[in-house]
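Read through the structure below, which is laid out as structure tokens, and then see the notes.
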Amino acid sequence: MNAEIAAILATDGLANGAVYLLAGLGLVLVFSVTRVVFVPFGDVAAFSALSLAAFEAGRTPPTIGLVATLAVLASATEVAGLLRRGETKRVGRALALWGLLPLVPCALAWLAARPGVPAPLHVASAVLLVVPIAPLVARVVFQPIADASVLVLLIVALALHFLLSGLGLLFFGPEGSRTQPLAGGTLALGGGVTVSGQVVLMVLSALVLSALFFLVFERTVAGKALRATAVNRVGARLVGIRPARTALLAYASASLLGGLIGVLIAPVTTMYYDSGFIIGLKAFVAAIVGGLTSYPGTAIGALAVGLVESFASFWSGALKDAIVFSLLIPVLLLRSYALPHGDEAEEEIDT
Amino acid sequence: MSATTLRRVLLVLVVAAFALAPLVGGRFTVSLLNDIGIAALVALGLVLLTGVGGATSFGQAAFVGIAAYASAWLTTAHGASPWLGLVFALALTGVSALVIGAVTLRLGGHYLPLSTIAWGLSIAIVFGNLEALGRHSGIASVPALRVGPWSLVDPRAAYVLIWLLVAGGLVFARNLLDSRPGRAMRGLRGGATLLASVGADAVRVRLSLFVVAALLAGVAGWLYAHKNRFVSPSPFDVRASIEYLLMAVVGGVGQLAGAVVGAAVVLLLKNALQDVLPLLSSRAAQIEAVVFAALFIALLHFARAGLSGWAVRWWQRRRPRAPATGDAALAAAPPLPRRTPPARGTCILEVDGATKRFGGLVAVDGVGFVVDAGDIVGLIGPNGAGKSTMFNLLTCTLPMTAGRVRFLGRDVTGMAQKEVARMGLARTFQHVKLRPQMSLLDNVAMGAYARTSAGVLRAGLRLDRGEELRVRAEAWRQLERIGLGRRAHEPAGSLPLGTQRLLEIARALAADPVLLVLDEPAAGLRRREKEELAALLRRLRDDGVTILIVEHDMDFVMRLVDRLVVMNFGQKLAEGAPAAVRGDPRVQDAYLGAAA
């Protein structure tokens, strides 16, 4: 390996790292607010990538059907809950929120699929289209068992990934797709190294979005509510923050991040219905560096995972994923010996 | 018919049904039953890990794969006997479980399951990319098993071996749970502090459970390789691991039999879906995956106890427990060896300048006192005085910022809690830590952990019965001591809080302690219960047990103790005989706030 190859691998790693950073932020956000390790995160990214590919191929994205199905399920769950509690007056509002609101991006996507719509609108509507996915599945699957142990929530999250990727296969089929680059051109760095516009875009997006993330968390009431819920759920509830609503906000933000990741990565990687899983898992490795709670730790982890992956793929393309995952071992070792930790709370699968 | 007879009859019927199945069923049925048996072994490991240990693994199929590939490779590339393959397969599975467990188990919580996903994926990738393992096409023409002159190519012959191994696995697991290491495993969900308080190491206990689960998967993998005579990477990926977990949850992780029930239900359902779905849709395989995932989620929403949990509840409603009686064997069992107690009046605990800071807060500030053998010493103080922190410092539950603790003449500062517990310092908990599902007898027997030595293998093979009888006799004696002998077989969760506190004392006594440290034993007790507790503690003192009580109930302590140490705002305020301390104006101030 010479310096030139190393530079190419490093820029590749930086681009990967940018994606894992975004995914890691979403995972940490959802975990800290809801204690759910949101495995299906990557599926959302895959769906937005495949939606964009459908737009480019001149087809209406099948995601519309998926979102509509989920909206029906979520409305049914919500309405059933309201009826059981006898709160019939709120049924109308619930139907509007859970049934109609998610259909707005569907309608937009349907319009965007008509011929003659410019490419940037395709990108925007592909991202918007997947935003309802995480909140809707969370309403059906996680909210009814919000107080279960982390272990139960994790098992459910993993099962949910297989459910979504099964649906993904039904809706999108087994073919992989790659989309047009969002940014053309190349940027010449010194020493004959060039970087494609897409890579620059990925890194810039990650930087801008993380900055935005930080601002929202530090400066807005909604961000503070999210942080408060993450620190102490009961305490947050006592000062009038509704955990279900903050959870919804966290899932929607995560979904948005997932959507953005999808359209950013689709031009450089061929995406299949189940490609999201591996992306999500690598983001986990990054998030674990930050202990699943620290955002700066996650950023460092994301960069490390991106670089390791890119250099590992030079050594063995087939084994690169295994190499990235084995990165977990030193990280976990370091965490277990360097950091003191208290008595673990009980983890039960209750009967 | 008594409950035991009924259970025996049921067992005989089940065994007979399994014995007759290959004679009645066709080749396909037997083959399906073989698959169920192999899957049941894997699910059994998950029942142990999830239901008993409160952890889980999403990489169990990877262990199956390691064993299958190990044996397949050894028997094809080197022509070794499949029986040698079994040894090799189990060794490799065990070592990988040890390594992965040692790395992740210390962290507890969600780190283990998360890393098992990564681990499961990596293993499948490695299988698919190693030249020696045939890459994605796998290893073909693995030799079939032979037992002496018989070849097990015929599914009916394999059936016998597979189901004997399943039965062996079930019996081993059942024996294990009803033993010294098993009680510690069942105590895991009570937290690491509970186990440390009886001298057990939660990380090691969890690790041994993880390895047992992996070895069960290893046996299944070996069977799989030689039954199918072909291995390839895909049956060992994360999706397969989830399916095994689904089996465990469907069957019920609370019961060992849940593994067999779950494996049967999932594989039969899968079989049925594979028959029906192609008639309805051309995308049968996809729909099957979706149906299974949805079923799994629904189960975790509505029926987390699974089928066997439901059956057990039904059974228990119909059959109330009979009161327990001590049997002759327990009475005749020789007692466990006892420590030589220190002579009355010698100093056994010496706290010197104990200090604990939490950030800027000094919770305990330079406190020192001694406890002499044969005394009841009270450590009292108003709320927030630092009593509980002091308690945690002297039991080595928390590390000290500065100061020393000497126990039995040995400096124990900075020692692990379990080590001090092993030296003879037994404790109870302010927030009762009992395992509600375990019987009173098992809860108390857990206390004798450090006095006994049976390990997983000895327990699983029932070579521990002599020791076990002595443990049960000891637990029985301690239960009688606190007056709960008749309820020995009831679950601890059925007791009222006051009685649960007594049970914690019995568990501490089962450790044959030199010093018994009680954390607010009278909290939440009614007047009569407090009197009974005081009477019990006096009896214990008369039997030679030294007791240190941390308490804020003045009345209770005053009438009981020989000496008092009073704390306030993290510092020692006074020390001496109860009457003298009561007259101390500083103590009156602290409690009544008179001269503030």
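Chain labels follow the order of the structure tokens: the first chain is A, the next B, and so on; residue numbering restarts at 1 in every chain, and ligands are counted from 1 in their shown order.
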For range 214-230 of chain A: contacts at 10 Å, only C-alpha atoms, fewer than 5 positions along chain excluded, given as a list in words = Leu29, Val30, Phe31, Ser32, Val33, Thr34, Arg35, Val208, Leu209, Gly235, Ala236, Arg237, Val239, Gly240, Ile241, Arg242, Pro243, Arg245, Thr246, Ala247, Leu249, Ala250, Thr293 and Tyr295 of chain A
Would you mind writing down, as JSON, numbers by chain, each residue of range 45-253 of chain A that DSSP on the backbone assigns to helix (DSSP H, G or I)?
-> {"A": [45, 46, 47, 48, 49, 50, 51, 52, 53, 54, 55, 56, 63, 64, 65, 66, 67, 68, 69, 70, 71, 72, 73, 74, 75, 76, 77, 78, 79, 80, 81, 82, 83, 84, 88, 89, 90, 91, 92, 93, 94, 95, 96, 97, 98, 99, 100, 103, 104, 105, 106, 107, 108, 109, 110, 111, 112, 119, 120, 121, 122, 123, 124, 125, 126, 127, 128, 129, 130, 133, 134, 135, 136, 137, 138, 139, 140, 141, 142, 143, 144, 145, 150, 151, 152, 153, 154, 155, 156, 157, 158, 159, 160, 161, 162, 163, 164, 165, 166, 167, 168, 169, 170, 171, 172, 197, 198, 199, 200, 201, 202, 203, 204, 205, 206, 207, 208, 209, 210, 211, 212, 213, 214, 215, 216, 217, 218, 219, 221, 222, 223, 224, 225, 226, 227, 228, 229, 230, 231, 233, 234, 235, 236, 237, 238, 243, 244, 245, 246, 247, 248, 249, 250, 251, 252, 253]}
Dump of C-alpha atoms for the selected residues, as a compact mmCIF listing (two decimals), in the first residue's frame:
# COMPACT_ATOMS: atom_id res chain seq x y z
CA ALA A 45 -32.28 4.01 5.27
CA ALA A 46 -32.59 1.14 2.80
CA PHE A 47 -36.21 2.05 2.09
CA SER A 48 -35.39 5.67 1.30
CA ALA A 49 -32.57 4.59 -1.00
CA LEU A 50 -34.85 2.16 -2.83
CA SER A 51 -37.60 4.80 -3.05
CA LEU A 52 -35.17 7.19 -4.70
CA ALA A 53 -34.12 4.45 -7.10
CA ALA A 54 -37.77 3.85 -7.96
CA PHE A 55 -38.26 7.56 -8.70
CA GLU A 56 -35.24 7.55 -10.96
CA THR A 63 -42.81 2.53 -0.11
CA ILE A 64 -46.16 4.30 -0.40
CA GLY A 65 -47.93 0.99 0.08
CA LEU A 66 -45.67 0.13 3.01
CA VAL A 67 -46.28 3.44 4.78
CA ALA A 68 -50.01 3.22 4.16
CA THR A 69 -50.10 -0.34 5.60
CA LEU A 70 -48.23 0.82 8.68
CA ALA A 71 -50.56 3.83 9.03
CA VAL A 72 -53.57 1.52 9.03
CA LEU A 73 -51.96 -0.69 11.70
CA ALA A 74 -50.97 2.28 13.86
CA SER A 75 -54.43 3.88 13.61
CA ALA A 76 -56.02 0.57 14.55
CA THR A 77 -53.73 0.24 17.59
CA GLU A 78 -54.39 3.82 18.68
CA VAL A 79 -58.16 3.64 18.15
CA ALA A 80 -58.40 0.29 19.91
CA GLY A 81 -56.56 1.77 22.88
CA LEU A 82 -58.85 4.80 22.96
CA LEU A 83 -62.00 2.71 22.73
CA ARG A 84 -60.81 0.42 25.50
CA THR A 88 -64.39 8.03 22.04
CA LYS A 89 -64.10 11.79 21.57
CA ARG A 90 -60.43 11.56 20.71
CA VAL A 91 -60.87 8.94 17.99
CA GLY A 92 -61.22 11.57 15.25
CA ARG A 93 -58.00 13.30 16.22
CA ALA A 94 -56.18 9.98 16.51
CA LEU A 95 -57.28 8.96 13.04
CA ALA A 96 -56.10 12.29 11.63
CA LEU A 97 -52.73 12.01 13.37
CA TRP A 98 -51.99 8.33 12.79
CA GLY A 99 -54.02 7.65 9.67
CA LEU A 100 -53.98 10.82 7.57
CA LEU A 103 -50.35 9.80 4.03
CA VAL A 104 -49.25 13.37 3.29
CA PRO A 105 -45.69 12.35 2.28
CA CYS A 106 -47.26 9.43 0.39
CA ALA A 107 -49.35 11.85 -1.62
CA LEU A 108 -46.31 14.02 -2.26
CA ALA A 109 -44.35 11.00 -3.40
CA TRP A 110 -47.15 9.96 -5.71
CA LEU A 111 -47.06 13.42 -7.30
CA ALA A 112 -43.28 13.38 -7.49
CA ALA A 119 -34.31 15.25 -9.42
CA PRO A 120 -33.95 17.30 -6.20
CA LEU A 121 -37.68 16.89 -5.56
CA HIS A 122 -37.25 13.14 -5.94
CA VAL A 123 -34.60 13.19 -3.26
CA ALA A 124 -36.69 15.31 -0.92
CA SER A 125 -39.78 13.21 -1.30
CA ALA A 126 -37.81 9.95 -0.90
CA VAL A 127 -36.58 11.25 2.46
CA LEU A 128 -39.98 12.55 3.54
CA LEU A 129 -41.64 9.32 2.51
CA VAL A 130 -39.73 7.25 5.09
CA ILE A 133 -42.01 4.65 9.20
CA ALA A 134 -40.21 4.63 12.55
CA PRO A 135 -42.92 6.52 14.48
CA LEU A 136 -45.62 4.25 13.03
CA VAL A 137 -43.88 0.97 13.82
CA ALA A 138 -42.95 2.31 17.24
CA ARG A 139 -46.59 3.14 17.95
CA VAL A 140 -47.67 -0.40 17.07
CA VAL A 141 -44.74 -2.33 18.45
CA PHE A 142 -42.91 -0.44 21.19
CA GLN A 143 -45.37 1.91 22.85
CA PRO A 144 -47.60 -0.86 24.28
CA ILE A 145 -44.55 -2.42 25.98
CA VAL A 150 -34.16 -3.53 27.72
CA LEU A 151 -33.69 -7.18 26.82
CA VAL A 152 -37.32 -7.69 25.77
CA LEU A 153 -37.25 -4.42 23.83
CA LEU A 154 -34.07 -5.52 22.08
CA ILE A 155 -35.53 -8.89 21.09
CA VAL A 156 -38.62 -7.11 19.78
CA ALA A 157 -36.45 -4.63 17.86
CA LEU A 158 -34.54 -7.45 16.20
CA ALA A 159 -37.74 -9.29 15.32
CA LEU A 160 -39.04 -6.00 13.93
CA HIS A 161 -36.01 -5.73 11.68
CA PHE A 162 -36.79 -9.14 10.21
CA LEU A 163 -40.44 -8.13 9.82
CA LEU A 164 -39.52 -4.90 8.01
CA SER A 165 -36.90 -6.49 5.80
CA GLY A 166 -39.41 -9.24 4.95
CA LEU A 167 -41.88 -6.53 3.97
CA GLY A 168 -39.07 -4.78 2.11
CA LEU A 169 -38.51 -7.89 0.03
CA LEU A 170 -42.23 -8.15 -0.70
CA PHE A 171 -42.53 -4.51 -1.66
CA PHE A 172 -39.21 -3.87 -3.43
CA GLY A 197 -18.34 15.46 -5.03
CA GLN A 198 -20.56 12.82 -3.47
CA VAL A 199 -18.00 12.08 -0.77
CA VAL A 200 -17.63 15.78 -0.03
CA LEU A 201 -21.40 16.03 0.20
CA MET A 202 -21.59 13.09 2.60
CA VAL A 203 -18.97 14.50 4.95
CA LEU A 204 -20.45 17.99 4.80
CA SER A 205 -23.97 16.68 5.48
CA ALA A 206 -22.75 14.75 8.48
CA LEU A 207 -21.03 17.83 9.87
CA VAL A 208 -23.98 20.15 9.23
CA LEU A 209 -26.54 17.68 10.55
CA SER A 210 -24.59 16.92 13.71
CA ALA A 211 -24.20 20.63 14.33
CA LEU A 212 -27.94 21.04 13.83
CA PHE A 213 -28.56 18.12 16.12
CA PHE A 214 -26.45 19.74 18.78
CA LEU A 215 -28.23 23.09 18.41
CA VAL A 216 -31.67 21.53 18.63
CA PHE A 217 -30.64 19.61 21.74
CA GLU A 218 -29.08 22.56 23.49
CA ARG A 219 -31.33 25.39 22.45
CA VAL A 221 -37.60 23.18 24.32
CA ALA A 222 -38.24 19.98 22.38
CA GLY A 223 -34.54 19.15 22.54
CA LYS A 224 -34.46 19.78 26.25
CA ALA A 225 -37.50 17.57 26.72
CA LEU A 226 -35.68 14.80 24.87
CA ARG A 227 -32.65 15.22 27.08
CA ALA A 228 -34.74 15.31 30.22
CA THR A 229 -36.50 12.09 29.26
CA ALA A 230 -33.17 10.48 28.54
CA VAL A 231 -31.80 11.42 31.95
CA ARG A 233 -38.12 9.32 32.63
CA VAL A 234 -40.10 9.62 35.83
CA GLY A 235 -38.65 13.03 36.61
CA ALA A 236 -39.44 14.26 33.10
CA ARG A 237 -42.98 13.04 33.50
CA LEU A 238 -43.32 14.92 36.77
CA PRO A 243 -42.74 10.20 27.45
CA ALA A 244 -44.88 8.86 24.61
CA ARG A 245 -44.64 12.18 22.79
CA THR A 246 -40.89 12.59 23.28
CA ALA A 247 -40.47 9.01 22.11
CA LEU A 248 -42.45 9.88 19.00
CA LEU A 249 -40.21 12.88 18.39
CA ALA A 250 -37.11 10.73 18.84
CA TYR A 251 -38.39 8.12 16.40
CA ALA A 252 -39.35 10.77 13.85
CA SER A 253 -35.89 12.37 14.07
Option closest in space to chain A, from B:Leu92, B:Val12, B:Val211, B:Ala285 [counting only C-alpha atoms] | B:Ala285
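If you look at CA of Val371 in chain B and CA of Arg528 in chain B, they are 28.2 Å away from each other.
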Please measure the separation of CA of Arg481 in chain B and CA of Leu509 in chain B, giving the value in Å to one decimal.
->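 Calculated distance between CA of Arg481 in chain B and CA of Leu509 in chain B is 9.7 Å.
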How far is it from CA of Leu303 in chain A to CA of Gly42 in chain A, in Å with one decimal?
->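 CA of Gly42 in chain A lies 17.9 Å from CA of Leu303 in chain A.
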Go through A:Val36, A:Ala302, A:Leu182, A:Leu264 one by one, measure the shortest atom-to-atom distance of each to chain B using only C-alpha atoms, and give the residue with the smallest value.
->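 Closest to chain B, using only C-alpha atoms: A:Val36.
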For chain B, which residue out of A:Val193, A:Ala183, A:Val131, A:Val37 is the nearest one, using only C-alpha atoms?
->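 Residue with the minimum atom-to-atom distance to chain B: A:Val37.
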Near-Ala475 in chain B list (6 Å; only C-alpha atoms; drop same-chain fewer than 6 positions) as a short mmCIF file (atom, residue, chain, number, x, y, z; two decimals) with N, CA and C atoms, in the first residue's frame:
data_model
loop_
_atom_site.label_atom_id
_atom_site.label_comp_id
_atom_site.auth_asym_id
_atom_site.auth_seq_id
_atom_site.Cartn_x
_atom_site.Cartn_y
_atom_site.Cartn_z
N LEU B 441 -36.63 -22.60 50.78
CA LEU B 441 -35.49 -23.47 51.05
C LEU B 441 -34.33 -23.14 50.10
N VAL B 444 -32.62 -19.86 50.98
CA VAL B 444 -31.74 -19.98 52.14
C VAL B 444 -30.50 -20.79 51.76
N ALA B 445 -30.71 -21.85 50.97
CA ALA B 445 -29.58 -22.69 50.58
C ALA B 445 -28.54 -21.90 49.80
#
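Those residues that approach Pro382 in chain B to within 7 Å, counting only C-alpha atoms, are His552, Asn568 and Tyr591 of chain B; same-chain residues fewer than 5 positions away are not listed.
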Given the choices B:Met423, B:Leu86, B:Ala21, B:Ala240, which gets closest to chain A if the distance is worked out from only C-alpha atoms?
-> B:Ala240
Which is closest to chain B among A:Ala254, A:Ala304, A:Ala283, A:Ala113, if we use only C-alpha atoms?
-> A:Ala283
